[in-house]
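Visitor: Attaching a single structure in structure tokens format; questions to follow.
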Amino acid sequence: MLFINSCKKVLTGFLFFISLFIISISCDSIEPTDELKPGRRDYTWTVDTLRANPFLYLSAIWGNSPIDVWAVGSGGGSDKTIWHYDGFSWTTDGVSRYIEPYAVHGFSDSDIWIAGGEGNIWRYDGNQWKFSYQYLITGFRGFNNIWGDMTNNIYAVGFADSANISSAIILHYDGKSWSKKMIPYYNIQFLRIKRDLTNGLYYLRGMDNNGTIVSLFEYDGNITLKNIYENSFSIETNAIAQSIGSKVCFLIGYKINKYENQQFKPFVEINEPGFGGQFWGRSEKDIFLRMFDGVGHYNGSDIRYIINFNKDDNISVTDVALFEKECFILTTDYNNGQSIIYKGKLD
């Protein structure tokens, strides 16, 4: 069940190759950011393999620190859907819980939330996971994402299917209780919510139940929900909302954009068919890219692979957790039915 500034110019008309692993890009920036340092690539990598059971694939990762990281996933045994890393090893407490976790988010080592199937939300208080809330309707329901910027301002988004009517839902936690937000009806499910701290607005990604239409929305946190992008789903039109620092940025096709003055303004274009349609970033010069055959990295001037998968490996990057000098890249190894976590550390 986890969105670069450079000088104003467009690099076109030629291709440049620095190594076998360099990907050609062009960049069109909006304003200078000479104060940003290029993201480093000299990671020391270690690999952890988590094989819980044949049907469990971890799908989300979040960490309070590099020695306090959580990864969750649905399917398989209900006693192995939540994993924790303490700086030495990954473990699960083996407790069966009535939840299929799709998302994890937190604020400290004693305030962590997971949300998922059947409209369930659980909370970790530093000692144990406790049931917090269930969205009750007759039919299918679930939360695809949970996110907040403060402990009394948390949102869970997903879908509710009742009486042959499917609708997107947003729930809010105010520090005391969960409540459903009254929003216009959309026959989709929300997959993600992020807040842009520079303007205070929220941005959501949605998709219809058939997986054929992808949408982006701008939300004021109350009742005003505006559709800002909608298109049929393909690799060229896919849309993602993701935080980079304090700002939410948007991937549309092969371009990473800012949304300013009601317009998408691209600042990175990825001219590479191996791009896998997802990104995570510390800053606008330190962005990780999902590739079909590994992990790419943008440092403000070019893109290079920092992890390569063998061409016969059926491995896909599912989520990334970033810290100042460390990163955790969660992948799914479909050939062997396991989750693999690549841990990168800078000296």
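By convention here, the chains of the structure tokens are called A, B, ... in the order presented, each chain's residues are numbered starting at 1, and ligands are numbered starting at 1 in the order presented.
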If you count only C-alpha atoms, which residues fall within 9 Å of Leu289 (chain A), apart from same-chain ones fewer than 5 positions away, as a ChimeraX atom specification?

Guide: /A:275-281,294-298,303,305

Visitor: Would you save the residues from that selection as an mmCIF file, in the first residue's frame, using C-alpha atoms?

Guide:
```
data_model
loop_
_atom_site.group_PDB
_atom_site.id
_atom_site.type_symbol
_atom_site.label_atom_id
_atom_site.label_comp_id
_atom_site.auth_asym_id
_atom_site.auth_seq_id
_atom_site.Cartn_x
_atom_site.Cartn_y
_atom_site.Cartn_z
ATOM 1 C CA PHE A 275 12.601 5.145 -16.871
ATOM 2 C CA GLY A 276 10.067 3.457 -14.581
ATOM 3 C CA GLY A 277 7.758 6.389 -13.848
ATOM 4 C CA GLN A 278 8.550 7.256 -10.217
ATOM 5 C CA PHE A 279 10.895 9.563 -8.299
ATOM 6 C CA TRP A 280 11.969 10.537 -4.760
ATOM 7 C CA GLY A 281 14.165 13.466 -3.772
ATOM 8 C CA GLY A 294 17.895 -0.332 -11.586
ATOM 9 C CA VAL A 295 17.937 3.027 -9.824
ATOM 10 C CA GLY A 296 18.951 6.278 -11.493
ATOM 11 C CA HIS A 297 20.092 9.489 -9.811
ATOM 12 C CA TYR A 298 19.848 13.122 -10.929
ATOM 13 C CA ILE A 303 21.542 11.210 -14.544
ATOM 14 C CA TYR A 305 22.657 4.621 -12.539
#
```

Visitor: Among region 141-316 of chain A, which ones does DSSP assign to strand (DSSP E) (computed from the backbone)? Answer as a VMD selection string.

Guide: chain A and resid 141 to 150 153 to 162 165 to 173 178 to 180 189 to 195 202 to 207 213 to 219 225 to 232 239 to 244 247 to 252 255 to 260 263 to 270 275 to 283 286 to 291 294 to 298 303 to 308 315 to 316

Visitor: Report, in Å with one decimal, the straight-line distance from CA of Phe233 (chain A) to CA of Leu251 (chain A).

Guide: 13.1 Å

Visitor: Got a sec: who's within 12 Å of Asn310 (chain A), counting only C-alpha atoms, leaving out chain neighbours fewer than 6 positions off, as a list of chain:residue names?

Guide: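 That gives A:Phe292, A:Asp293, A:Gly294, A:Ser316, A:Asp333.
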
Visitor: Smallest atom-to-atom distance to Ser59 (chain A): which of A:Thr332, A:Asn227, A:Thr44, A:Asn199, using only C-alpha atoms?

Guide: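 Of A:Thr332, A:Asn227, A:Thr44, A:Asn199, the one nearest Ser59 (chain A) is A:Thr332, counting only C-alpha atoms.
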
Visitor: Can you tell me how far CA of Trp83 (chain A) sits from CA of Gly175 (chain A), in Å to one decimal?

Guide: 25.4 Å

Visitor: I'd like to know which of A:Ile287, A:Ile146, A:Ile307, A:Val317 is closest to Gly344 (chain A), using only C-alpha atoms.

Guide: A:Ile307

Visitor: At most 12 Å is the cut-off: for each residue in region 128-206 of chain A with any atom that close to an atom of region 211-218 of chain A, write down the nearest atom pair and the distance in Å rounded to one decimal, counting only C-alpha atoms, chain first then increasing number, as JSON lines.

Guide:
```
{"residue": "A:Ala168", "atom": "CA", "partner": "A:Phe217", "partner_atom": "CA", "distance": 11.7}
{"residue": "A:Ile183", "atom": "CA", "partner": "A:Phe217", "partner_atom": "CA", "distance": 11.8}
{"residue": "A:Pro184", "atom": "CA", "partner": "A:Phe217", "partner_atom": "CA", "distance": 11.8}
{"residue": "A:Tyr186", "atom": "CA", "partner": "A:Ser215", "partner_atom": "CA", "distance": 10.6}
{"residue": "A:Asn187", "atom": "CA", "partner": "A:Ile213", "partner_atom": "CA", "distance": 10.6}
{"residue": "A:Ile188", "atom": "CA", "partner": "A:Ile213", "partner_atom": "CA", "distance": 8.8}
{"residue": "A:Gln189", "atom": "CA", "partner": "A:Ser215", "partner_atom": "CA", "distance": 9.9}
{"residue": "A:Phe190", "atom": "CA", "partner": "A:Ser215", "partner_atom": "CA", "distance": 9.0}
{"residue": "A:Leu191", "atom": "CA", "partner": "A:Ser215", "partner_atom": "CA", "distance": 10.0}
{"residue": "A:Arg192", "atom": "CA", "partner": "A:Leu216", "partner_atom": "CA", "distance": 9.6}
{"residue": "A:Ile193", "atom": "CA", "partner": "A:Phe217", "partner_atom": "CA", "distance": 9.3}
{"residue": "A:Lys194", "atom": "CA", "partner": "A:Glu218", "partner_atom": "CA", "distance": 9.9}
{"residue": "A:Arg195", "atom": "CA", "partner": "A:Glu218", "partner_atom": "CA", "distance": 9.6}
{"residue": "A:Asp196", "atom": "CA", "partner": "A:Glu218", "partner_atom": "CA", "distance": 10.1}
{"residue": "A:Asn199", "atom": "CA", "partner": "A:Glu218", "partner_atom": "CA", "distance": 11.2}
{"residue": "A:Gly200", "atom": "CA", "partner": "A:Glu218", "partner_atom": "CA", "distance": 10.6}
{"residue": "A:Leu201", "atom": "CA", "partner": "A:Glu218", "partner_atom": "CA", "distance": 6.8}
{"residue": "A:Tyr202", "atom": "CA", "partner": "A:Glu218", "partner_atom": "CA", "distance": 5.8}
{"residue": "A:Tyr203", "atom": "CA", "partner": "A:Glu218", "partner_atom": "CA", "distance": 4.7}
{"residue": "A:Leu204", "atom": "CA", "partner": "A:Phe217", "partner_atom": "CA", "distance": 5.0}
{"residue": "A:Arg205", "atom": "CA", "partner": "A:Leu216", "partner_atom": "CA", "distance": 4.7}
{"residue": "A:Gly206", "atom": "CA", "partner": "A:Ser215", "partner_atom": "CA", "distance": 4.9}
```

Visitor: Go ahead and write the residues just picked, N, CA and C atoms, as a tab-separated table (two decimals), in the first residue's frame.

Guide:
```tsv
chain	number	residue	atom	x	y	z
A	168	ALA	N	-14.01	8.30	-4.25
A	168	ALA	CA	-12.78	8.65	-3.55
A	168	ALA	C	-13.13	9.19	-2.17
A	183	ILE	N	-16.26	16.11	0.36
A	183	ILE	CA	-15.67	16.56	-0.90
A	183	ILE	C	-16.61	16.19	-2.05
A	184	PRO	N	-16.44	16.79	-3.22
A	184	PRO	CA	-17.25	16.39	-4.37
A	184	PRO	C	-17.05	14.92	-4.71
A	186	TYR	N	-16.15	11.79	-6.83
A	186	TYR	CA	-15.31	11.39	-7.95
A	186	TYR	C	-15.29	9.86	-7.98
A	187	ASN	N	-15.55	9.32	-9.15
A	187	ASN	CA	-15.58	7.88	-9.32
A	187	ASN	C	-14.17	7.35	-9.56
A	188	ILE	N	-13.32	7.54	-8.56
A	188	ILE	CA	-11.92	7.12	-8.62
A	188	ILE	C	-11.52	6.67	-7.22
A	189	GLN	N	-10.27	6.28	-7.06
A	189	GLN	CA	-9.69	6.10	-5.74
A	189	GLN	C	-8.43	6.95	-5.64
A	190	PHE	N	-8.25	7.57	-4.48
A	190	PHE	CA	-7.06	8.34	-4.25
A	190	PHE	C	-5.92	7.40	-3.86
A	191	LEU	N	-4.75	7.64	-4.46
A	191	LEU	CA	-3.59	6.80	-4.22
A	191	LEU	C	-2.53	7.48	-3.36
A	192	ARG	N	-2.53	8.81	-3.30
A	192	ARG	CA	-1.49	9.52	-2.56
A	192	ARG	C	-1.96	10.92	-2.21
A	193	ILE	N	-1.46	11.41	-1.08
A	193	ILE	CA	-1.67	12.79	-0.69
A	193	ILE	C	-0.36	13.34	-0.13
A	194	LYS	N	-0.01	14.57	-0.54
A	194	LYS	CA	1.17	15.27	-0.04
A	194	LYS	C	0.80	16.74	0.15
A	195	ARG	N	1.49	17.41	1.07
A	195	ARG	CA	1.24	18.83	1.28
A	195	ARG	C	2.45	19.64	0.84
A	196	ASP	N	2.19	20.70	0.07
A	196	ASP	CA	3.23	21.64	-0.32
A	196	ASP	C	3.35	22.68	0.78
A	199	ASN	N	2.98	26.63	-0.06
A	199	ASN	CA	1.68	27.30	-0.26
A	199	ASN	C	0.58	26.75	0.63
A	200	GLY	N	0.88	25.71	1.41
A	200	GLY	CA	-0.10	25.17	2.34
A	200	GLY	C	-1.15	24.28	1.72
A	201	LEU	N	-1.09	24.04	0.42
A	201	LEU	CA	-2.11	23.24	-0.26
A	201	LEU	C	-1.68	21.78	-0.34
A	202	TYR	N	-2.69	20.91	-0.48
A	202	TYR	CA	-2.46	19.48	-0.61
A	202	TYR	C	-2.63	19.07	-2.07
A	203	TYR	N	-1.89	18.03	-2.45
A	203	TYR	CA	-1.99	17.51	-3.81
A	203	TYR	C	-2.18	16.00	-3.74
A	204	LEU	N	-3.12	15.52	-4.55
A	204	LEU	CA	-3.50	14.11	-4.52
A	204	LEU	C	-3.39	13.50	-5.90
A	205	ARG	N	-3.07	12.22	-5.91
A	205	ARG	CA	-3.08	11.44	-7.15
A	205	ARG	C	-4.25	10.48	-7.09
A	206	GLY	N	-4.99	10.39	-8.20
A	206	GLY	CA	-6.13	9.48	-8.25
A	206	GLY	C	-6.11	8.65	-9.52
```

Visitor: Point out the residue among A:Tyr185, A:Lys343, A:Tyr43, A:Leu136 with the least atom-to-atom distance to Cys327 (chain A), counting only C-alpha atoms.

Guide: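 When distances to Cys327 (chain A) are compared using only C-alpha atoms, the smallest one comes from A:Lys343.
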
Visitor: For a quick check of understanding, using only C-alpha atoms, which of A:Ser78, A:Ile170, A:Lys345, A:Pro273 has the smallest distance to Tyr219 (chain A)?

Guide: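 Closest residue, counting only C-alpha atoms: A:Ile170.
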
Visitor: Rank nothing, just name the residue among A:Arg304, A:Val157, A:Leu330, A:Thr237 nearest to Asp42 (chain A), using only C-alpha atoms.

Guide: A:Arg304

Visitor: Pick out the residues sitting within 10 Å of Gln263 (chain A), and hand them over as a PyMOL selection string; count only C-alpha atoms, and ignore anything fewer than 5 positions along from it in its own chain.

Guide: chain A and resi 228+257-258

Visitor: Go through A:Glu236, A:Ser74, A:Lys37, A:Trp45 and flag the residue nearest Asn308 (chain A), using only C-alpha atoms for the distances.

Guide: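 Distance minimum relative to Asn308 (chain A) lands on A:Trp45.
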
Visitor: Which polymer residues have any atom within 8 Å of an atom of Tyr259 (chain A), counting only C-alpha atoms, with same-chain residues fewer than 3 positions away left out, as a list of chain:residue names?

Guide: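 Here the answer would be A:Cys249, A:Phe250, A:Gln262, A:Gln263, A:Phe264, A:Lys265.
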
Visitor: Write the residues you've just listed into a file as a PDB file, in the first residue's frame, and include C-alpha atoms for each of them.

Guide:
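What follows is the written file out11.pdb:
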```pdb
ATOM      1  CA  CYS A 249       6.627  18.269  -7.552  1.00  0.00           C
ATOM      2  CA  PHE A 250       4.852  16.345 -10.275  1.00  0.00           C
ATOM      3  CA  GLN A 262      -1.975  26.963 -12.443  1.00  0.00           C
ATOM      4  CA  GLN A 263       0.590  25.628 -14.896  1.00  0.00           C
ATOM      5  CA  PHE A 264       2.941  22.656 -14.879  1.00  0.00           C
ATOM      6  CA  LYS A 265       6.482  23.893 -15.498  1.00  0.00           C
TER       7      LYS A 265
END
```

Visitor: Please report the interatomic distance between CA of Phe288 (chain A) and CA of Ile306 (chain A) in Å with one decimal.

Guide: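 Atom-to-atom, CA of Phe288 (chain A) and CA of Ile306 (chain A) are spaced 9.0 Å apart.
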